[in-house]
Amino acid sequence: GARPGRTYFAGGSTGGREALVVAQRWPGAFDGVISAYPAWNNAAEIIYLGYLTQVMSRPGAFPGPEKQGLLYNSAVAACDGRDGIKDNIVSNADGCELDPRVLRCPDGVDAGPTCLSDAQITSVVAASKPFRWRYRIASGEREYPGFPFLSGADMRTPFLGFGTTAPANPMPSTAGYGLQFWDQWVKYFLTRDPGFNSLDIDPRSPGKWLPRISHLSTIQDRNNSDLRPFMRSGGKLLLLHGAADELVSHRSTSDYYQRVRATAGPGQTQKSLRYYLIPGVNHANFGPVAFAGTWDSLTALEQWVEDGRSPAKPVAVDSRSGITRPLCDYPLWPRYRSGDPGSAQSFVCSR
């Protein structure tokens, strides 16, 4: 008949959004919260995906799987080694920049899987840059930050979940979940008309659908960055995201962390929150992945809440290979120093 001594909440993706919601709405209900790759601004991402769906539906604009692999592998080739070792894991994802124009086909005309046409370059630039809209929605969000070219695992994992087929009406089942997400949302959430052509709505200027989009944003993006009540109650939050996530951009979680820090202050944030950006990890370690890093976050959270021991030099392990990497407090990232490249002890957290 005893009540629980401690209560914890953990979730990833939409569950990660729910984890942040419980910390905000019921700051005294949970002693500790784990939020992994949280889709905290889901409506904002859907608006962004709608824009990409329109861009990639243009003639010749869709980069097929081989070109998606070309993008990913080119980004790894350009950035792997900047952390001190070439191991196909890019540790400093935020410092990895690839100008897709270096992959341009002669005269910008599609010449096969080894280059990108001008139309395809336009598409991938749209995918990798922030998308901003000029209208106001109730959640207050005005942009989505886009994805790095590291969002995937290799040629076997389609970049950004774009699948193998260009978006069209009706939406092909092979178009990829990122593009189908927009199509399904338009049909069953926005218009509530299963026969509606999702390509008929321009997210840059949604016209009569703007009030409905705004309303949905209050449900899907009902998050704020003020965690001070949760922190004052003694709550602890572990925030995690994979730097190669192809479904929810890690840039979005980094933005959320910066908002929390700006609201609560650096000192209070450090007392109550840890944010780890894990190199090479995609969304939920699904399918092929450069580094399938996992960590016993629940034990770490229990020790922090119950014993007052904050996470100290945590380590992620890839159960497939046994490779380990340090988890670094954001914005730090693991730089190779010396020794066994498969051991976390050979790395130091660096800026």
# chains A, B, ... in the order shown; residues from 1 in each chain; ligands from 1

$ residues_around --residues "Pro229 in chain A" --least-positions-apart "4" --cutoff "9 Å" --atoms "only C-alpha atoms" --output "ChimeraX atom specification"
/A:23-24,26-28,233-235

$ select_by_dssp --residues "range 85-281 of chain A" --states "strand (DSSP E or B)" --output "list in words"
Arg104, Leu116, Phe131, Arg132, Glu143, Tyr144, Lys236, Leu237, Leu238, Leu239, Leu240, His241, Gly242, Leu273, Arg274, Tyr275, Tyr276, Leu277 and Ile278 of chain A

$ residues_around --residues "Ser128 in chain A" --least-positions-apart "5" --cutoff "12 Å" --atoms "only C-alpha atoms" --output "list in words"
Tyr48, Leu49, Leu52, Leu71, Cys96, Glu97, Leu98, Asp99, Pro100, Ile121, Thr122, Ser123, Tyr144, Pro145, Gly146, Phe147, Pro148, Phe149, Leu150, Ser151, Phe159, Leu160, Glu246, Ser249 and Arg251 of chain A

$ closest_residue --among "A:Ala243, A:Cys115, A:Leu70, A:Cys328" --to "Ile89 in chain A" --atoms "only C-alpha atoms"
A:Ala243

$ closest_residue --among "A:Ala29, A:Cys349, A:Leu239, A:Pro65" --to "Thr174 in chain A" --atoms "only C-alpha atoms"
A:Pro65

$ residues_around --residues "Asp221 in chain A" --least-positions-apart "4" --cutoff "7 Å" --atoms "only C-alpha atoms" --output "PDB file with N, CA, C and O atoms, in the first residue's frame"
ATOM      1  N   TRP A  40      10.169  18.078 -30.019  1.00  0.00           N
ATOM      2  CA  TRP A  40       9.460  19.032 -29.160  1.00  0.00           C
ATOM      3  C   TRP A  40       8.718  20.088 -29.969  1.00  0.00           C
ATOM      4  O   TRP A  40       7.736  20.643 -29.509  1.00  0.00           O
ATOM      5  N   ASN A  41       9.182  20.388 -31.180  1.00  0.00           N
ATOM      6  CA  ASN A  41       8.506  21.362 -32.045  1.00  0.00           C
ATOM      7  C   ASN A  41       8.037  20.667 -33.317  1.00  0.00           C
ATOM      8  O   ASN A  41       8.415  21.027 -34.430  1.00  0.00           O
ATOM      9  N   ASN A  42       7.180  19.683 -33.125  1.00  0.00           N
ATOM     10  CA  ASN A  42       6.768  18.799 -34.202  1.00  0.00           C
ATOM     11  C   ASN A  42       6.024  19.507 -35.318  1.00  0.00           C
ATOM     12  O   ASN A  42       6.231  19.227 -36.508  1.00  0.00           O
ATOM     13  N   ALA A  43       5.158  20.454 -34.978  1.00  0.00           N
ATOM     14  CA  ALA A  43       4.420  21.177 -36.014  1.00  0.00           C
ATOM     15  C   ALA A  43       5.373  22.016 -36.864  1.00  0.00           C
ATOM     16  O   ALA A  43       5.217  22.123 -38.086  1.00  0.00           O
ATOM     17  N   SER A 139       2.009  28.832 -31.575  1.00  0.00           N
ATOM     18  CA  SER A 139       3.107  28.335 -30.749  1.00  0.00           C
ATOM     19  C   SER A 139       4.242  29.339 -30.648  1.00  0.00           C
ATOM     20  O   SER A 139       5.097  29.221 -29.764  1.00  0.00           O
ATOM     21  N   SER A 217      -0.482  23.786 -33.984  1.00  0.00           N
ATOM     22  CA  SER A 217       0.805  24.081 -33.360  1.00  0.00           C
ATOM     23  C   SER A 217       0.678  24.176 -31.842  1.00  0.00           C
ATOM     24  O   SER A 217       1.630  23.904 -31.115  1.00  0.00           O
TER      25      SER A 217
END

$ closest_residue --among "A:Gly84, A:Pro206, A:Gly60, A:Pro167" --to "Ala111 in chain A" --atoms "only C-alpha atoms"
A:Gly60

$ closest_residue --among "A:Ala175, A:Leu227, A:Arg104, A:Val348" --to "Arg259 in chain A" --atoms "only C-alpha atoms"
A:Leu227

$ closest_atom_pairs --of "range 20-126 of chain A" --to "range 266-280 of chain A" --cutoff "9 Å" --atoms "only C-alpha atoms" --output "JSON lines"
{"residue": "A:Asn88", "atom": "CA", "partner": "A:Gly280", "partner_atom": "CA", "distance": 8.3}
{"residue": "A:Ile89", "atom": "CA", "partner": "A:Gly280", "partner_atom": "CA", "distance": 5.4}
{"residue": "A:Val90", "atom": "CA", "partner": "A:Pro279", "partner_atom": "CA", "distance": 6.2}
{"residue": "A:Ser91", "atom": "CA", "partner": "A:Pro279", "partner_atom": "CA", "distance": 5.0}
{"residue": "A:Asn92", "atom": "CA", "partner": "A:Pro279", "partner_atom": "CA", "distance": 7.4}
{"residue": "A:Ala93", "atom": "CA", "partner": "A:Pro279", "partner_atom": "CA", "distance": 7.1}

$ write_last_selection --atoms "all heavy atoms" --output "compact mmCIF listing (two decimals), in the first residue's frame"
# COMPACT_ATOMS: atom_id res chain seq x y z
N ASN A 88 35.06 6.99 -39.56
CA ASN A 88 33.70 7.11 -40.10
C ASN A 88 32.70 7.66 -39.09
O ASN A 88 31.49 7.60 -39.32
CB ASN A 88 33.20 5.77 -40.66
CG ASN A 88 33.94 5.35 -41.90
OD1 ASN A 88 34.26 6.18 -42.76
ND2 ASN A 88 34.25 4.06 -42.01
N ILE A 89 33.20 8.19 -37.98
CA ILE A 89 32.34 8.84 -36.99
C ILE A 89 32.78 10.30 -36.89
O ILE A 89 33.92 10.59 -36.52
CB ILE A 89 32.45 8.18 -35.60
CG1 ILE A 89 32.06 6.70 -35.69
CG2 ILE A 89 31.55 8.89 -34.59
CD1 ILE A 89 32.30 5.93 -34.39
N VAL A 90 31.88 11.21 -37.25
CA VAL A 90 32.19 12.64 -37.19
C VAL A 90 31.78 13.14 -35.80
O VAL A 90 30.60 13.24 -35.49
CB VAL A 90 31.46 13.41 -38.29
CG1 VAL A 90 31.73 14.91 -38.16
CG2 VAL A 90 31.90 12.91 -39.67
N SER A 91 32.78 13.45 -34.98
CA SER A 91 32.50 13.82 -33.60
C SER A 91 31.94 15.23 -33.46
O SER A 91 31.07 15.48 -32.64
CB SER A 91 33.76 13.69 -32.74
OG SER A 91 34.16 12.33 -32.65
N ASN A 92 32.46 16.16 -34.25
CA ASN A 92 32.01 17.54 -34.18
C ASN A 92 31.02 17.81 -35.30
O ASN A 92 31.36 18.41 -36.32
CB ASN A 92 33.20 18.49 -34.26
CG ASN A 92 32.80 19.95 -34.10
OD1 ASN A 92 31.68 20.25 -33.70
ND2 ASN A 92 33.70 20.85 -34.42
N ALA A 93 29.78 17.36 -35.11
CA ALA A 93 28.77 17.48 -36.17
C ALA A 93 28.46 18.93 -36.50
O ALA A 93 28.26 19.28 -37.67
CB ALA A 93 27.49 16.76 -35.76

$ closest_residue --among "A:Gly108, A:Ile46, A:Trp295, A:Thr324" --to "Trp185 in chain A" --atoms "only C-alpha atoms"
A:Ile46

$ select_by_dssp --residues "range 213-311 of chain A" --states "alpha helix (DSSP H)" --output "PyMOL selection string"
chain A and resi 213-220+228-232+250-264+266-272+297-307
